[in-house]
file query-v6.pdb (PDB, C-alpha atoms and all ligand atoms)
ATOM      1  CA  MET A 154     125.869 157.895  98.022
ATOM      2  CA  ALA A 155     128.657 155.992  99.778
ATOM      3  CA  ILE A 156     130.063 157.453 103.010
ATOM      4  CA  SER A 157     133.524 157.803 101.422
ATOM      5  CA  GLU A 158     132.007 160.037  98.727
ATOM      6  CA  ILE A 159     130.257 162.175 101.350
ATOM      7  CA  GLN A 160     133.595 162.715 103.101
ATOM      8  CA  SER A 161     135.308 163.703  99.893
ATOM      9  CA  VAL A 162     132.590 166.257  99.073
ATOM     10  CA  ALA A 163     132.892 167.854 102.527
ATOM     11  CA  GLU A 164     136.680 167.814 102.442
ATOM     12  CA  ARG A 165     137.336 168.939  98.882
ATOM     13  CA  PRO A 166     140.637 170.880  99.025
ATOM     14  CA  GLU A 167     140.264 174.602  98.527
ATOM     15  CA  GLY A 168     143.906 175.608  98.682
ATOM     16  CA  ASN A 169     146.346 176.497 101.377
ATOM     17  CA  GLU A 170     144.391 179.412 102.839
ATOM     18  CA  LEU A 171     145.604 178.687 106.389
ATOM     19  CA  ALA A 172     149.318 178.424 105.582
ATOM     20  CA  GLY A 173     151.408 180.112 108.278
ATOM     21  CA  ARG A 174     148.522 179.996 110.761
ATOM     22  CA  VAL A 175     148.641 178.122 114.079
ATOM     23  CA  ALA A 176     145.460 176.518 115.391
ATOM     24  CA  LEU A 177     144.855 175.265 118.930
ATOM     25  CA  VAL A 178     141.944 172.809 119.071
ATOM     26  CA  THR A 179     140.827 171.570 122.495
ATOM     27  CA  GLY A 180     139.683 167.943 122.518
ATOM     28  CA  GLY A 181     141.439 167.785 119.174
ATOM     29  CA  THR A 182     142.500 164.142 119.011
ATOM     30  CA  ARG A 183     139.168 162.403 118.429
ATOM     31  CA  GLY A 184     135.610 162.965 117.238
ATOM     32  CA  ILE A 185     134.712 166.409 115.913
ATOM     33  CA  GLY A 186     137.962 167.912 117.223
ATOM     34  CA  ALA A 187     140.080 165.439 115.233
ATOM     35  CA  ALA A 188     138.103 166.227 112.078
ATOM     36  CA  ILE A 189     138.697 169.939 112.719
ATOM     37  CA  CYS A 190     142.456 169.350 113.129
ATOM     38  CA  ARG A 191     142.525 167.361 109.868
ATOM     39  CA  ALA A 192     140.621 170.082 108.019
ATOM     40  CA  LEU A 193     142.791 172.926 109.335
ATOM     41  CA  ALA A 194     146.040 171.009 108.733
ATOM     42  CA  GLY A 195     144.750 170.027 105.280
ATOM     43  CA  HIS A 196     144.530 173.726 104.453
ATOM     44  CA  GLY A 197     148.030 174.538 105.627
ATOM     45  CA  ALA A 198     147.702 175.363 109.346
ATOM     46  CA  SER A 199     150.064 174.096 112.022
ATOM     47  CA  VAL A 200     147.956 172.330 114.608
ATOM     48  CA  ALA A 201     148.173 172.086 118.415
ATOM     49  CA  ALA A 202     145.741 169.393 119.530
ATOM     50  CA  GLY A 203     144.546 169.315 123.147
ATOM     51  CA  PHE A 204     143.455 166.166 124.958
ATOM     52  CA  SER A 205     142.631 165.315 128.555
ATOM     53  CA  HIS A 206     143.359 161.662 129.327
ATOM     54  CA  ASP A 207     144.015 159.282 126.434
ATOM     55  CA  ARG A 208     147.695 159.848 125.571
ATOM     56  CA  GLU A 209     148.076 156.657 123.530
ATOM     57  CA  ARG A 210     145.251 157.652 121.247
ATOM     58  CA  ALA A 211     146.502 161.220 121.032
ATOM     59  CA  GLU A 212     149.958 159.957 119.965
ATOM     60  CA  ALA A 213     148.368 157.767 117.283
ATOM     61  CA  PHE A 214     146.454 160.779 115.982
ATOM     62  CA  ARG A 215     149.579 162.903 115.916
ATOM     63  CA  ALA A 216     151.429 160.187 113.977
ATOM     64  CA  GLU A 217     148.566 160.045 111.456
ATOM     65  CA  LEU A 218     148.629 163.813 110.852
ATOM     66  CA  ALA A 219     152.420 163.993 110.797
ATOM     67  CA  ALA A 220     152.532 161.172 108.215
ATOM     68  CA  GLY A 221     150.407 163.406 105.998
ATOM     69  CA  GLY A 222     153.019 166.165 106.340
ATOM     70  CA  ALA A 223     151.268 168.254 108.999
ATOM     71  CA  ASP A 224     153.098 170.241 111.679
ATOM     72  CA  VAL A 225     151.336 169.025 114.835
ATOM     73  CA  THR A 226     151.913 169.097 118.602
ATOM     74  CA  LEU A 227     149.938 167.570 121.486
ATOM     75  CA  HIS A 228     148.971 169.359 124.706
ATOM     76  CA  ARG A 229     147.501 167.631 127.711
ATOM     77  CA  GLY A 230     145.282 169.518 130.133
ATOM     78  CA  ASN A 231     141.901 169.821 131.786
ATOM     79  CA  VAL A 232     140.058 172.806 130.311
ATOM     80  CA  SER A 233     137.931 173.223 133.436
ATOM     81  CA  SER A 234     141.131 174.283 135.222
ATOM     82  CA  ALA A 235     142.004 177.940 134.578
ATOM     83  CA  GLU A 236     145.619 177.127 135.441
ATOM     84  CA  ASP A 237     145.791 174.330 132.837
ATOM     85  CA  CYS A 238     144.290 176.654 130.211
ATOM     86  CA  ARG A 239     146.861 179.380 130.853
ATOM     87  CA  ARG A 240     149.686 176.824 130.788
ATOM     88  CA  THR A 241     148.407 175.231 127.558
ATOM     89  CA  VAL A 242     148.143 178.552 125.732
ATOM     90  CA  GLN A 243     151.701 179.436 126.818
ATOM     91  CA  GLU A 244     152.918 175.962 125.814
ATOM     92  CA  VAL A 245     151.488 176.386 122.310
ATOM     93  CA  VAL A 246     152.963 179.881 121.934
ATOM     94  CA  ASP A 247     156.346 178.512 123.067
ATOM     95  CA  ALA A 248     156.131 175.606 120.603
ATOM     96  CA  HIS A 249     154.770 177.463 117.557
ATOM     97  CA  GLY A 250     155.504 181.133 118.257
ATOM     98  CA  GLN A 251     151.861 182.231 118.025
ATOM     99  CA  ILE A 252     148.181 181.217 118.140
ATOM    100  CA  ASP A 253     146.007 182.459 115.283
ATOM    101  CA  ILE A 254     143.002 180.177 115.707
ATOM    102  CA  LEU A 255     141.456 178.810 118.905
ATOM    103  CA  VAL A 256     138.743 176.179 118.584
ATOM    104  CA  ASN A 257     136.992 175.491 121.901
ATOM    105  CA  ASN A 258     135.770 171.989 121.141
ATOM    106  CA  ALA A 259     136.340 169.948 124.332
ATOM    107  CA  GLY A 260     133.008 168.934 125.783
ATOM    108  CA  ILE A 261     131.275 166.343 127.942
ATOM    109  CA  THR A 262     127.767 165.160 128.772
ATOM    110  CA  MET A 263     126.407 163.815 132.066
ATOM    111  CA  ASP A 264     122.751 163.217 131.308
ATOM    112  CA  ARG A 265     120.091 162.888 133.999
ATOM    113  CA  ILE A 266     116.701 164.472 134.556
ATOM    114  CA  VAL A 267     116.928 167.454 136.896
ATOM    115  CA  SER A 268     115.400 165.659 139.894
ATOM    116  CA  LYS A 269     118.187 163.038 139.684
ATOM    117  CA  MET A 270     121.021 165.351 138.643
ATOM    118  CA  ALA A 271     123.812 165.414 141.243
ATOM    119  CA  ASP A 272     125.552 168.699 142.069
ATOM    120  CA  ALA A 273     128.736 167.288 140.513
ATOM    121  CA  ASP A 274     126.910 166.488 137.230
ATOM    122  CA  TRP A 275     125.988 170.157 136.985
ATOM    123  CA  TYR A 276     129.344 171.630 137.988
ATOM    124  CA  ASP A 277     131.443 169.232 135.891
ATOM    125  CA  VAL A 278     129.549 169.861 132.645
ATOM    126  CA  ILE A 279     129.436 173.633 133.159
ATOM    127  CA  GLY A 280     133.121 173.496 134.149
ATOM    128  CA  VAL A 281     134.333 171.788 130.960
ATOM    129  CA  ASN A 282     131.899 173.132 128.352
ATOM    130  CA  LEU A 283     131.394 176.729 129.501
ATOM    131  CA  SER A 284     134.130 177.680 131.977
ATOM    132  CA  GLY A 285     136.698 175.826 129.858
ATOM    133  CA  THR A 286     135.787 177.962 126.854
ATOM    134  CA  PHE A 287     136.003 181.112 128.982
ATOM    135  CA  PHE A 288     139.434 180.254 130.448
ATOM    136  CA  MET A 289     140.928 179.237 127.084
ATOM    137  CA  SER A 290     139.481 182.274 125.307
ATOM    138  CA  LYS A 291     140.680 184.661 127.990
ATOM    139  CA  ALA A 292     144.263 183.419 127.722
ATOM    140  CA  ALA A 293     144.295 183.237 123.915
ATOM    141  CA  LEU A 294     142.533 186.564 123.386
ATOM    142  CA  GLU A 295     145.209 188.431 125.305
ATOM    143  CA  HIS A 296     147.787 186.992 122.915
ATOM    144  CA  MET A 297     145.606 187.708 119.838
ATOM    145  CA  LEU A 298     145.088 191.323 120.916
ATOM    146  CA  GLU A 299     148.867 191.751 121.116
ATOM    147  CA  ARG A 300     149.130 190.423 117.561
ATOM    148  CA  GLY A 301     146.081 192.324 116.289
ATOM    149  CA  SER A 302     144.462 189.298 114.657
ATOM    150  CA  GLY A 303     142.840 185.993 115.549
ATOM    151  CA  ARG A 304     139.904 183.631 115.273
ATOM    152  CA  ILE A 305     137.990 182.025 118.137
ATOM    153  CA  ILE A 306     135.404 179.381 117.260
ATOM    154  CA  ASN A 307     133.262 177.830 119.983
ATOM    155  CA  ILE A 308     131.573 174.465 119.482
ATOM    156  CA  SER A 309     128.089 174.790 120.934
ATOM    157  CA  SER A 310     125.161 172.468 120.126
ATOM    158  CA  ILE A 311     121.605 172.361 118.838
ATOM    159  CA  ILE A 312     120.743 171.386 122.429
ATOM    160  CA  GLY A 313     121.749 174.917 123.470
ATOM    161  CA  GLN A 314     119.036 176.194 121.116
ATOM    162  CA  THR A 315     116.275 173.735 121.995
ATOM    163  CA  GLY A 316     117.014 172.268 125.443
ATOM    164  CA  ASN A 317     116.516 168.526 125.957
ATOM    165  CA  VAL A 318     115.093 166.114 128.498
ATOM    166  CA  GLY A 319     117.950 164.889 130.692
ATOM    167  CA  GLN A 320     120.382 167.561 129.511
ATOM    168  CA  ALA A 321     119.705 170.676 131.627
ATOM    169  CA  ASN A 322     123.418 170.956 132.484
ATOM    170  CA  TYR A 323     124.581 170.397 128.893
ATOM    171  CA  ALA A 324     121.909 172.699 127.402
ATOM    172  CA  ALA A 325     122.745 175.469 129.874
ATOM    173  CA  SER A 326     126.459 175.149 129.103
ATOM    174  CA  LYS A 327     125.869 175.252 125.345
ATOM    175  CA  SER A 328     123.374 178.168 125.558
ATOM    176  CA  GLY A 329     125.882 179.953 127.723
ATOM    177  CA  LEU A 330     128.336 179.780 124.840
ATOM    178  CA  PHE A 331     126.049 181.981 122.735
ATOM    179  CA  GLY A 332     126.257 184.864 125.223
ATOM    180  CA  LEU A 333     129.962 184.270 125.763
ATOM    181  CA  THR A 334     130.613 184.258 122.006
ATOM    182  CA  MET A 335     128.757 187.531 121.421
ATOM    183  CA  SER A 336     130.423 189.247 124.371
ATOM    184  CA  LEU A 337     133.895 188.101 123.302
ATOM    185  CA  ALA A 338     133.178 189.238 119.726
ATOM    186  CA  LYS A 339     132.179 192.713 120.934
ATOM    187  CA  GLU A 340     135.059 192.985 123.392
ATOM    188  CA  ALA A 341     137.646 191.857 120.823
ATOM    189  CA  ALA A 342     136.510 194.518 118.344
ATOM    190  CA  PHE A 343     136.245 197.135 121.120
ATOM    191  CA  SER A 344     139.742 196.399 122.392
ATOM    192  CA  LEU A 345     141.266 196.480 118.900
ATOM    193  CA  LYS A 346     139.578 199.812 118.195
ATOM    194  CA  ARG A 347     140.739 201.286 121.506
ATOM    195  CA  ALA A 348     144.291 200.220 120.671
ATOM    196  CA  GLY A 349     143.955 201.909 117.265
ATOM    197  CA  ARG A 350     144.401 198.546 115.527
ATOM    198  CA  LEU A 351     140.951 197.961 114.006
ATOM    199  CA  GLU A 352     141.979 197.957 110.337
ATOM    200  CA  ALA A 353     138.998 198.429 108.017
ATOM    201  CA  TYR A 354     139.767 195.425 105.794
ATOM    202  CA  GLY A 355     142.288 193.476 107.899
ATOM    203  CA  ALA A 356     141.767 189.969 109.272
ATOM    204  CA  GLY A 357     140.918 191.406 112.705
ATOM    205  CA  ILE A 358     139.755 189.237 115.583
ATOM    206  CA  THR A 359     136.452 187.428 115.172
ATOM    207  CA  VAL A 360     134.606 185.162 117.593
ATOM    208  CA  ASN A 361     131.884 182.807 116.378
ATOM    209  CA  ALA A 362     130.050 179.680 117.474
ATOM    210  CA  VAL A 363     128.856 176.643 115.573
ATOM    211  CA  ALA A 364     125.863 174.635 116.742
ATOM    212  CA  PRO A 365     125.998 171.082 115.400
ATOM    213  CA  GLY A 366     122.996 168.771 115.475
ATOM    214  CA  PHE A 367     123.567 165.094 116.229
ATOM    215  CA  ILE A 368     126.970 164.051 114.875
ATOM    216  CA  GLU A 369     128.347 160.491 114.619
ATOM    217  CA  THR A 370     131.021 160.385 117.342
ATOM    218  CA  GLU A 371     131.663 158.484 120.565
ATOM    219  CA  MET A 372     129.598 161.117 122.371
ATOM    220  CA  LEU A 373     126.504 159.407 120.948
ATOM    221  CA  ASP A 374     127.603 155.949 122.181
ATOM    222  CA  SER A 375     125.476 156.377 125.303
ATOM    223  CA  VAL A 376     122.356 157.283 123.287
ATOM    224  CA  PRO A 377     120.106 154.215 122.762
ATOM    225  CA  GLU A 378     119.589 153.148 119.125
ATOM    226  CA  LYS A 379     115.839 153.727 119.501
ATOM    227  CA  ALA A 380     116.452 157.371 120.422
ATOM    228  CA  LEU A 381     118.868 157.767 117.482
ATOM    229  CA  GLU A 382     116.209 156.342 115.159
ATOM    230  CA  ARG A 383     113.757 158.975 116.438
ATOM    231  CA  ILE A 384     116.333 161.728 115.934
ATOM    232  CA  ARG A 385     117.002 160.589 112.337
ATOM    233  CA  SER A 386     113.274 160.715 111.632
ATOM    234  CA  GLU A 387     113.099 164.311 112.946
ATOM    235  CA  VAL A 388     115.964 165.519 110.749
ATOM    236  CA  PRO A 389     114.742 166.630 107.309
ATOM    237  CA  LEU A 390     117.862 165.039 105.760
ATOM    238  CA  HIS A 391     117.035 161.775 107.628
ATOM    239  CA  ARG A 392     120.522 161.064 108.928
ATOM    240  CA  LEU A 393     123.033 162.094 111.552
ATOM    241  CA  GLY A 394     125.856 164.478 110.679
ATOM    242  CA  ARG A 395     129.496 163.595 110.212
ATOM    243  CA  PRO A 396     132.425 165.279 112.018
ATOM    244  CA  GLU A 397     133.848 166.439 108.653
ATOM    245  CA  GLU A 398     130.662 168.394 108.008
ATOM    246  CA  VAL A 399     131.231 170.413 111.188
ATOM    247  CA  ALA A 400     134.951 170.793 110.482
ATOM    248  CA  ARG A 401     134.215 172.328 107.095
ATOM    249  CA  VAL A 402     132.360 175.266 108.662
ATOM    250  CA  VAL A 403     135.018 175.748 111.338
ATOM    251  CA  ARG A 404     137.711 175.840 108.658
ATOM    252  CA  PHE A 405     135.694 178.419 106.715
ATOM    253  CA  LEU A 406     135.279 180.658 109.786
ATOM    254  CA  ALA A 407     138.980 180.263 110.632
ATOM    255  CA  ALA A 408     140.157 181.798 107.362
ATOM    256  CA  ASP A 409     141.372 185.399 107.240
ATOM    257  CA  ALA A 410     138.842 185.979 104.460
ATOM    258  CA  SER A 411     135.947 185.345 106.899
ATOM    259  CA  SER A 412     136.784 188.722 108.463
ATOM    260  CA  TYR A 413     133.258 190.233 108.364
ATOM    261  CA  ILE A 414     131.590 187.423 110.320
ATOM    262  CA  THR A 415     131.669 187.818 114.095
ATOM    263  CA  GLY A 416     129.397 187.088 117.048
ATOM    264  CA  GLN A 417     127.352 184.610 115.000
ATOM    265  CA  VAL A 418     126.025 181.090 115.519
ATOM    266  CA  TRP A 419     126.313 178.721 112.556
ATOM    267  CA  ALA A 420     123.909 175.773 112.661
ATOM    268  CA  ILE A 421     125.011 172.446 111.128
ATOM    269  CA  ASN A 422     122.078 170.159 111.770
ATOM    270  CA  GLY A 423     120.566 168.761 108.582
ATOM    271  CA  GLY A 424     117.683 171.198 108.992
ATOM    272  CA  GLN A 425     116.604 169.783 112.360
ATOM    273  CA  GLU A 426     115.994 173.247 113.813
ATOM    274  CA  MET A 427     114.311 175.772 111.500
TER
HETATM  275  P1  LIG A 501     133.876 163.217 122.043
HETATM  276  O1  LIG A 501     133.298 162.693 123.294
HETATM  277  O2  LIG A 501     134.119 162.282 120.899
HETATM  278  O3  LIG A 501     135.256 163.998 122.351
HETATM  279  C1  LIG A 501     135.312 164.930 123.390
HETATM  280  C2  LIG A 501     136.689 165.544 123.417
HETATM  281  O4  LIG A 501     136.754 166.462 124.517
HETATM  282  C3  LIG A 501     137.791 164.526 123.604
HETATM  283  O5  LIG A 501     138.867 164.863 122.769
HETATM  284  C4  LIG A 501     138.199 164.712 125.068
HETATM  285  O6  LIG A 501     139.573 164.454 125.336
HETATM  286  C5  LIG A 501     137.921 166.200 125.273
HETATM  287  N1  LIG A 501     137.697 166.512 126.678
HETATM  288  C6  LIG A 501     136.726 166.021 127.487
HETATM  289  N2  LIG A 501     136.836 166.531 128.731
HETATM  290  C7  LIG A 501     137.917 167.365 128.701
HETATM  291  C8  LIG A 501     138.558 168.186 129.663
HETATM  292  N3  LIG A 501     138.103 168.269 130.923
HETATM  293  N4  LIG A 501     139.637 168.900 129.281
HETATM  294  C9  LIG A 501     140.118 168.834 128.012
HETATM  295  N5  LIG A 501     139.551 168.070 127.049
HETATM  296  C10 LIG A 501     138.468 167.351 127.394
HETATM  297  O7  LIG A 501     132.923 164.410 121.610
HETATM  298  P2  LIG A 501     132.496 164.992 120.182
HETATM  299  O8  LIG A 501     133.634 164.961 119.260
HETATM  300  O9  LIG A 501     131.218 164.377 119.809
HETATM  301  O10 LIG A 501     132.155 166.500 120.631
HETATM  302  C11 LIG A 501     133.055 167.574 120.461
HETATM  303  C12 LIG A 501     132.297 168.850 120.800
HETATM  304  O11 LIG A 501     131.155 168.956 119.953
HETATM  305  C13 LIG A 501     131.771 168.884 122.230
HETATM  306  O12 LIG A 501     131.878 170.191 122.735
HETATM  307  C14 LIG A 501     130.308 168.494 122.074
HETATM  308  O13 LIG A 501     129.526 169.025 123.102
HETATM  309  C15 LIG A 501     129.996 169.156 120.745
HETATM  310  N6  LIG A 501     128.845 168.575 120.066
HETATM  311  C16 LIG A 501     128.798 167.234 119.765
HETATM  312  C17 LIG A 501     127.691 166.718 119.133
HETATM  313  C18 LIG A 501     127.554 165.259 118.773
HETATM  314  O14 LIG A 501     126.438 164.845 118.421
HETATM  315  N7  LIG A 501     128.593 164.471 118.826
HETATM  316  C19 LIG A 501     126.556 167.576 118.763
HETATM  317  C20 LIG A 501     126.723 168.959 119.107
HETATM  318  C21 LIG A 501     127.838 169.422 119.736
HETATM  319  P3  LIG A 501     140.111 162.928 125.567
HETATM  320  O15 LIG A 501     140.135 162.312 124.191
HETATM  321  O16 LIG A 501     141.447 163.041 126.138
HETATM  322  O17 LIG A 501     139.112 162.282 126.457
END

call {"tool": "encode", "arguments": {"input": "query-v6.pdb", "output": "structure tokens"}}
result
Amino acid sequence: MAISEIQSVAERPEGNELAGRVALVTGGTRGIGAAICRALAGHGASVAAGFSHDRERAEAFRAELAAGGADVTLHRGNVSSAEDCRRTVQEVVDAHGQIDILVNNAGITMDRIVSKMADADWYDVIGVNLSGTFFMSKAALEHMLERGSGRIINISSIIGQTGNVGQANYAASKSGLFGLTMSLAKEAAFSLKRAGRLEAYGAGITVNAVAPGFIETEMLDSVPEKALERIRSEVPLHRLGRPEEVARVVRFLAADASSYITGQVWAINGGQEM
């Protein structure tokens, strides 16, 4: 099957289920984050896309989405800074009036075996991937609790489930997201109940994680072709994943109708881990 057909299968429109919703996607202007923004906007959501350094590219992405009729804003910030996270959440609320969906997607790798891993390699990866998700979620959750509804979706990784040679920092950050996701899910429900706002069949506030396998983005540019060949041979479906295939699950979890799914990890890995 041609790649264009694969995209159309993953992105088949299923209506405007996110109309009136506002989604903030960190690292939302390229790779998996851009695919998530496209999927959410394609189902009616207004989108606030975060980025950290490449403004030119972010502007080009915004123009692309806006040309398709989407309501989209850009927000620059470093998610490893608690201050930037608080400012970004406020910026999005000021621009759109609310945040219904937070997708913690921004992530980095700095691969080295432990004996060669510098202190900064450890702190930087934990800072962006794990602390960034904590700071963003903390700021957005406060707002969601005031509104009584919301969706938080954290982008973890298969590496958080399996570990990997040369990725102790990345694996620890992505495993850490599992505990953070479950704790946030429990606290969100607890806080809603305490406030007397846990409606039996309402949208509520849910917090989930997705754990993609190896997905074709720039993040894999540093992986040698030989290693990618080995990975493909280990995946039962014998290929890497596409960003749209991750976005599809995020969009599903983001819908109001996914109200009875919380604290879970959704694997999207071609069967690599089972
Ligand atoms: P990319 O490298 O293509 O994109 C990473 C994104 O994160 C960019 O938008 C980048 O912004 C943003 N970002 C990086 N550092 C910061 C920061 N300090 N503050 C704010 N934003 C930042 O990655 P992918 O699209 O491949 O990955 C997206 C997520 O999916 C990551 O969390 C990654 O760990 C996870 N993942 C990826 C897999 C893969 O195989 N690709 C597999 C499993 C999980 P800017 O454009 O401005 O640099």

call {"tool": "residues_around", "arguments": {"input": "query-v6.pdb", "residues": "A:Arg229", "least_positions_apart": "6", "cutoff": "12 Å", "atoms": "all atoms listed in the file", "output": "list in words"}}
result
Leu177, Val178, Thr179, Gly180, Gly181, Thr182, Ala201, Ala202, Gly203, Phe204, Ser205, His206, Asp207, Arg208, Glu209, Ala211, Glu212, Asp237, Cys238, Arg240, Thr241, Val242, Glu244, Val245 and Ala259 of chain A

call {"tool": "axis_aligned_box", "arguments": {"input": "query-v6.pdb", "around": "ligand LIG 501 (chain A)", "padding_each_side": "3 Å", "output": "JSON"}}
result
{"center_x": 133.9, "center_y": 166.2, "center_z": 124.7, "size_x": 21.0, "size_y": 13.9, "size_z": 18.5}

call {"tool": "residues_near_ligand", "arguments": {"input": "query-v6.pdb", "ligand": "ligand LIG 501 (chain A)", "cutoff": "7 Å", "atoms": "all atoms listed in the file", "output": "PyMOL selection string"}}
result
chain A and resi 179-186+203-207+230-233+258-261+281-282+308-311+364-373

call {"tool": "resolve_selection", "arguments": {"input": "query-v6.pdb", "expression": "the PyMOL selection byres (((chain A and resi 323) around 10) and not hetatm)", "output": "PyMOL selection string"}}
result
chain A and resi 260-264+274-275+277-279+282-283+309-310+312-313+316-317+319-322+324-329

call {"tool": "atom_distance", "arguments": {"input": "query-v6.pdb", "atom1": "atom CA of A:Leu255", "atom2": "atom CA of A:Asp374"}}
result
26.9 Å

call {"tool": "residues_around", "arguments": {"input": "query-v6.pdb", "residues": "stretch 289-302 of chain A", "least_positions_apart": "4", "cutoff": "8 Å", "atoms": "all atoms listed in the file", "output": "mmCIF file with C-alpha atoms, in the frame of the given file"}}
result
data_model
loop_
_atom_site.group_PDB
_atom_site.id
_atom_site.type_symbol
_atom_site.label_atom_id
_atom_site.label_comp_id
_atom_site.auth_asym_id
_atom_site.auth_seq_id
_atom_site.Cartn_x
_atom_site.Cartn_y
_atom_site.Cartn_z
ATOM 1 C CA VAL A 232 140.058 172.806 130.311
ATOM 2 C CA ALA A 235 142.004 177.940 134.578
ATOM 3 C CA CYS A 238 144.290 176.654 130.211
ATOM 4 C CA ARG A 239 146.861 179.380 130.853
ATOM 5 C CA VAL A 242 148.143 178.552 125.732
ATOM 6 C CA GLN A 251 151.861 182.231 118.025
ATOM 7 C CA ILE A 252 148.181 181.217 118.140
ATOM 8 C CA ASP A 253 146.007 182.459 115.283
ATOM 9 C CA LEU A 255 141.456 178.810 118.905
ATOM 10 C CA ASN A 257 136.992 175.491 121.901
ATOM 11 C CA GLY A 285 136.698 175.826 129.858
ATOM 12 C CA ALA A 341 137.646 191.857 120.823
ATOM 13 C CA SER A 344 139.742 196.399 122.392
ATOM 14 C CA LEU A 345 141.266 196.480 118.900
ATOM 15 C CA ARG A 350 144.401 198.546 115.527
ATOM 16 C CA LEU A 351 140.951 197.961 114.006
ATOM 17 C CA ALA A 356 141.767 189.969 109.272
ATOM 18 C CA GLY A 357 140.918 191.406 112.705
ATOM 19 C CA ILE A 358 139.755 189.237 115.583
#

call {"tool": "closest_residue", "arguments": {"input": "query-v6.pdb", "among": "A:Ala194, A:Ala176, A:Ala223, A:Ile305", "to": "A:Val246", "atoms": "all atoms listed in the file"}}
result
A:Ala176

call {"tool": "closest_atom_pairs", "arguments": {"input": "query-v6.pdb", "of": "stretch 243-328 of chain A", "to": "stretch 401-412 of chain A", "cutoff": "8 Å", "atoms": "all atoms listed in the file", "output": "JSON lines"}}
result
{"residue": "A:Ile254", "atom": "CA", "partner": "A:Ala407", "partner_atom": "CA", "distance": 6.5}
{"residue": "A:Arg304", "atom": "CA", "partner": "A:Ala407", "partner_atom": "CA", "distance": 5.8}
{"residue": "A:Ile305", "atom": "CA", "partner": "A:Ala407", "partner_atom": "CA", "distance": 7.8}
{"residue": "A:Ile306", "atom": "CA", "partner": "A:Val403", "partner_atom": "CA", "distance": 7.0}

call {"tool": "write_last_selection", "arguments": {"input": "query-v6.pdb", "atoms": "C-alpha atoms", "output": "short mmCIF file (atom, residue, chain, number, x, y, z; two decimals), keeping the file's coordinate frame"}}
result
data_model
loop_
_atom_site.label_atom_id
_atom_site.label_comp_id
_atom_site.auth_asym_id
_atom_site.auth_seq_id
_atom_site.Cartn_x
_atom_site.Cartn_y
_atom_site.Cartn_z
CA ILE A 254 143.00 180.18 115.71
CA ARG A 304 139.90 183.63 115.27
CA ILE A 305 137.99 182.02 118.14
CA ILE A 306 135.40 179.38 117.26
#

call {"tool": "atom_distance", "arguments": {"input": "query-v6.pdb", "atom1": "atom CA of A:Pro389", "atom2": "atom CA of A:Val376"}}
result
20.0 Å

call {"tool": "atom_distance", "arguments": {"input": "query-v6.pdb", "atom1": "atom CA of A:Asp247", "atom2": "atom CA of A:Leu227"}}
result
12.8 Å

call {"tool": "resolve_selection", "arguments": {"input": "query-v6.pdb", "expression": "the PyMOL selection byres (((chain A and resi 419) around 7) and not hetatm)", "output": "VMD selection string"}}
result
chain A and resid 362 to 364 417 to 418 420 to 421

call {"tool": "closest_residue", "arguments": {"input": "query-v6.pdb", "among": "A:Phe288, A:Ala248, A:Ala342, A:Tyr413", "to": "A:Tyr354", "atoms": "only C-alpha atoms"}}
result
A:Tyr413

call {"tool": "residues_around", "arguments": {"input": "query-v6.pdb", "residues": "A:Ala400", "least_positions_apart": "6", "cutoff": "9 Å", "atoms": "all atoms listed in the file", "output": "ChimeraX atom specification"}}
result
/A:163-164,185-193

call {"tool": "decode", "arguments": {"input": "query-v6.pdb", "residues": "stretch 186-193 of chain A", "atoms": "N, CA, C and O atoms", "output": "PDB file, in the first residue's frame"}}
result
ATOM      1  N   GLY A 186       4.142  16.016  17.133  1.00  0.00           N
ATOM      2  CA  GLY A 186       3.321  17.128  17.631  1.00  0.00           C
ATOM      3  C   GLY A 186       2.545  17.807  16.510  1.00  0.00           C
ATOM      4  O   GLY A 186       1.367  18.159  16.677  1.00  0.00           O
ATOM      5  N   ALA A 187       3.190  17.990  15.354  1.00  0.00           N
ATOM      6  CA  ALA A 187       2.499  18.620  14.217  1.00  0.00           C
ATOM      7  C   ALA A 187       1.362  17.726  13.739  1.00  0.00           C
ATOM      8  O   ALA A 187       0.270  18.209  13.418  1.00  0.00           O
ATOM      9  N   ALA A 188       1.605  16.426  13.705  1.00  0.00           N
ATOM     10  CA  ALA A 188       0.543  15.492  13.278  1.00  0.00           C
ATOM     11  C   ALA A 188      -0.624  15.545  14.269  1.00  0.00           C
ATOM     12  O   ALA A 188      -1.792  15.470  13.869  1.00  0.00           O
ATOM     13  N   ILE A 189      -0.309  15.694  15.546  1.00  0.00           N
ATOM     14  CA  ILE A 189      -1.370  15.791  16.564  1.00  0.00           C
ATOM     15  C   ILE A 189      -2.178  17.079  16.337  1.00  0.00           C
ATOM     16  O   ILE A 189      -3.408  17.061  16.365  1.00  0.00           O
ATOM     17  N   CYS A 190      -1.481  18.190  16.112  1.00  0.00           N
ATOM     18  CA  CYS A 190      -2.193  19.459  15.846  1.00  0.00           C
ATOM     19  C   CYS A 190      -3.100  19.318  14.639  1.00  0.00           C
ATOM     20  O   CYS A 190      -4.253  19.758  14.657  1.00  0.00           O
ATOM     21  N   ARG A 191      -2.589  18.706  13.560  1.00  0.00           N
ATOM     22  CA  ARG A 191      -3.414  18.526  12.348  1.00  0.00           C
ATOM     23  C   ARG A 191      -4.646  17.693  12.655  1.00  0.00           C
ATOM     24  O   ARG A 191      -5.761  18.007  12.231  1.00  0.00           O
ATOM     25  N   ALA A 192      -4.449  16.613  13.424  1.00  0.00           N
ATOM     26  CA  ALA A 192      -5.575  15.714  13.714  1.00  0.00           C
ATOM     27  C   ALA A 192      -6.617  16.415  14.586  1.00  0.00           C
ATOM     28  O   ALA A 192      -7.820  16.294  14.338  1.00  0.00           O
ATOM     29  N   LEU A 193      -6.166  17.147  15.591  1.00  0.00           N
ATOM     30  CA  LEU A 193      -7.114  17.826  16.489  1.00  0.00           C
ATOM     31  C   LEU A 193      -7.843  18.946  15.742  1.00  0.00           C
ATOM     32  O   LEU A 193      -9.063  19.082  15.845  1.00  0.00           O
TER      33      LEU A 193
END
